[in-house]
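Colleague: Would you mind keeping the following structure in view while I ask a few things?
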Amino acid sequence: MTTAFDILLRLLLWLLLAPLVPGIINKVKAWVAGRRGPPVLQLYYDLAKLWRKGVVLSTAVSPGHIAGTAVAWMALVLAALLLPAGPAGAPLAFRGDALLFVYLLALARFCTALAALDTGSAFEGMGAAREVSYAVLGEAAIITALIALSLQTGSVSLTTMLAPAAGAGAALLAAGLFAVLLAENCRVPFDDPNTHLELTMIHEVMVLDHSGPPLAAVLHGASLKLLMFSVLLVQAVLPAGELSPLTAACALAGSVLAVAVGVGLVESLLARLAFRRVPLLLTTAFLLCLFAALVSWRGGHL
Amino acid sequence: MSAPLEFALLSNGAGLPWTEVPEWPADDFVSATAAELDRGGRLCAWFGVPEGAQTRLVAVVAFDAENTLAVGRSEPIRDRHPSLTLRCPQAHLFEREVWEQHGVVPKGHPWLKPVRRQGNGQPAMGDFFEVEGSEIHEVAVGPVHAGIIEPGHFRFQCHGEEVLHLEIALGYQHRGVEEALTGGPHRATLNQLETVAGDTTIGHATAYAMVLEALAGTEAPLRAQWLRAVALELERLANHTGDLGALANDVAFLPTSAACGKIRGDFLNLTALICGNRFGRGLIRPGGCRHDLEAERAQQLAGRLRVALAEASEAATWLWDANSVRSRFEFTGAITAEQAEETGLVGPAARASGVVRDVRFDHPAGWHRFAQIPVAVWPSGDVLARAQVRWLEIQRSGKFLEEQIAAAPDGELRVTPGPSAADTLAVALVEGWRGEICHVALTDGDGRFRRYKMIDPSFHNWTGLALALRGQAISDFPLCNKSFNLSYCGFDL
């Protein structure tokens with residue numbers, strides 16, 4: 001009973017905190033541009049509004065459209081349950097959960113793309129094609145990053161992989177994972193979350209035909225993914241294992257905040273990449289993670 | 001009577017009795033026009049004038065190097081004439097328009113379809129050019145877009161992310177401006193012309209005023225000409241600044257995008273300082289201007305202009321200094337000088353391809369006869385070039401304004417133009433911020449408009465956008481589109 005209650009509590013924490021991150025990023029962007037910007041809690045208001053709205057569906061869609069969106073959201077929530085949050089640890093942890101984590105993210109992407117293709121719109125097909133093309137490189141980078149952590153700790157469970165002090169390749173890993181974070185969460189310079197131009201979108205164009213609660217699920221899932229990647233990045237490089245639980249929790253929260261501010265600054269100061277250059281940057285991220293893995297592997301013996 | 005050899009010459013903002021416009025049979029007229037274009041002319045206007053059940057064609061050709069315009073007309077045509085497009089591609093849209101408006105078929109036209117309407121007033125979709133192949137896919141965008149912009153339909157033939165061909169279908173904003181002018185000028189005419197393209201109020205209103213003054217044989221007082229030139233440059237400053245911001249926004253470059261939106265507003269407010277309207281509505285009247293800019297307000301305007309220009313300079317520096325922006329702008333949507341010449345592009349789009357073409361310089365009228373602005377040219381033809389030309393023009397217009405505001409001529413602001421001459425053709429060209437605005441009026445026996453033709457620069461330049469997209473990534477379309485920033489309503493009329 002306590003475990004179920006415990007899991008539920010942590011789940012709620014993940015779900016409730018997630019929409020805060022895009023709010024912080026938008027606030028940073030607004031400050032840099034000299035605007036007041038939307039409130040930090042804007043996404044909460046949007047989600048509440050969308051939840052009360054009706055659903056408009058294209059006549060071409062099958063039930064798979066809604067199902068795909070729902071499965072994508074649930075896959076992300078499950079992935080969140082596997083990810084340890086500092087001293088609190090993960091609600092669910094077992095040997096090999098790192099692999100399940102990666103597969104759940106892939107499942108979420110697959111279902112989102114499927115729901116997009118289901119609308120039969122040329123735009124959404126184009127967006128799905130772009131999303132999965134770039135995912136090939138993004139996933140390679142994140143798997144390599146996990147291999148680096150695994151080599152460093154000799155474990156394949158996220159809780160033990162992310163707990164200890166930073167390894168020798170922490171700087172490389174941080175750079176690689178930050179680039180992956182930007183790409184996976186469709187931030188500048190890979191994508192522009194604020195654009196209204198259908199033809200330039202990657203992720204956003206896949207959800208153009210969503211409305212009401214399904215759109216709320218998509219937006220919430222996206223914010224959850226962003227929070228997960230921030231937490232993963234921070235824990236992969238922050239030597240929180242040696243701190244007291246309270247300090248570690250504060251350090252984790254502060255670092256996630258710092259990541260959000262960093263994303264906001266990148267978006268404020270960089271222009272978007274042309275599509276043909278995106279693979280270049282993603283390959284760089286992959287190489288950074290690869291070198292982090294090499295350092296983890298041989299670093300101890302030098 | 002033997003056929004005349006050449007077109008009749010006139011200058012910008014002048015009129016010519018209809019009987020003095022040389023006339024050819026249809027076939028010879030097309031050849032004569034082609035000959036004029038071959039010897040360095042540029043087609044400014046090509047339109048039909050109904051004559052009973054038949055139609056006369058009229059051509060206005062500009063010789064930029066010689067600062068003259070030339071006009072010619074055909075004998076009434078019943079149903080067809082050989083196509084001019086085959087020899088001079090810049091006529092392709094004009095011939096489609098004449099076919100749509102008067103039913104005269106340009107025989108041999110390679111792509112004859114409506115430009116604005118078809119059937120009972122529906123927008124001109126028609127059949128689109130299709131590329132065949134198993135890996136070719138078609139993307140249809142619009143007329144309803146995700147942003148708050150005007151309606152237009154774009155049809156892409158793509159191979160993966162690469163665009164093979166783009167075809168643009170417009171006409172969603174057709175309001176019947178030209179039709180409404182027949183028998184005019186009416187009481188509402190000036191207000192209608194101020195909103196032909198809302199962001200080019202000064203440009204179109206100035207062209208209209210010049211046409212009426214030419215028909216009446218008068219000229220606006222010097223002080224009014226001066227004020228019109230000031231307002232025209234303010235309009236250019238506001239729109240070019242807005243465009244730089246919009247270009248930055250399209251590549252998600254926040255600093256310039258955020259700053260330019262504000263600075264554009266500052267420039268618009270300077271126009272409001274003159275006449276009380278940010279777009280300059282109500283400022284220009286045939287015979288002069290309705291609002292004056294006395295020394296005190298001129299002083300205020302100059303001060304605020306200096307501040308806004310300094311801010312614009314800062315915002316532009318951020319844009320040029322960002323490597324990430326440069327990598328998006330460079331080599332994107334390039335148009336060669338040959339393509340620009342062949343399709344008859346005008347304005348910043350032509351100048352960005354290295355073509356020296358500017359009505360203020362080539363066909364100076366009004367105040368521009370006394371105060372010149374250097375033509376801003378950039379050679380590369382890509383998005384970067386179109387952005388750079390805008391920035392050069394912001395700087396030069398700013399300098400022009402600083403000099404001219406201090407050099408205001410004295411005198412009255414407005415005269416009453418007399419009645420329009422009967423059976424006369426008048427032509428006015430104005431370099432609006434988008435490029436050449438051409439208004440042509442033909443009066444009947446009572447001095448009323450028998451035919452009023454206007455050509456917004458967008459009419460010339462939409463073809464340029466379609467060309468720029470060839471072989472580009474479809475994801476770069478919004479950026480290319482913004483770099484041209486053409487008017488939908490100016491085209492649709």
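By convention here, the chains of the structure tokens are called A, B, ... in the order presented, each chain's residues are numbered starting at 1, and ligands are numbered starting at 1 in the order presented.
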Using only C-alpha atoms, I'd like every residue of chain A that has an atom within 7 Å of chain B; please write them out as a list in words.

Modeller: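 Only these qualify: Ala33, Ala122, Asp192, His196, Leu197, Glu198, Leu199, Thr200, Ser268, Leu269, Leu270, Ala271, Arg272, Leu273 and Ala274 of chain A.
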
Colleague: Mind checking which residues fall within 7 Å of range 122-126 of chain B, counting only C-alpha atoms, ignoring those fewer than 5 positions away in the same chain, and posting them as a list in words?

Modeller: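 Once the nearby chain positions are removed, what remains is Lys113, Pro114, Val115, Arg116, Arg117, Ala169, Leu170, Gly171 and Tyr172 of chain B.
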
Colleague: I'd like the neighbourhood of range 450-457 of chain B as a ChimeraX atom specification, where a residue qualifies if any of its atoms comes within 7 Å (using only C-alpha atoms), though same-chain residues fewer than 6 positions away should be ignored.

Modeller: /B:49,178,181-183,346,434-444,490-491

Colleague: So which residues touch Gly299 in chain A within 9 Å, counting only C-alpha atoms, skipping near sequence neighbours fewer than 6 positions away, as a list in words?

Modeller: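 Listing them by chain and then by number gives Gly167, Ala168 and Gly169 of chain A.
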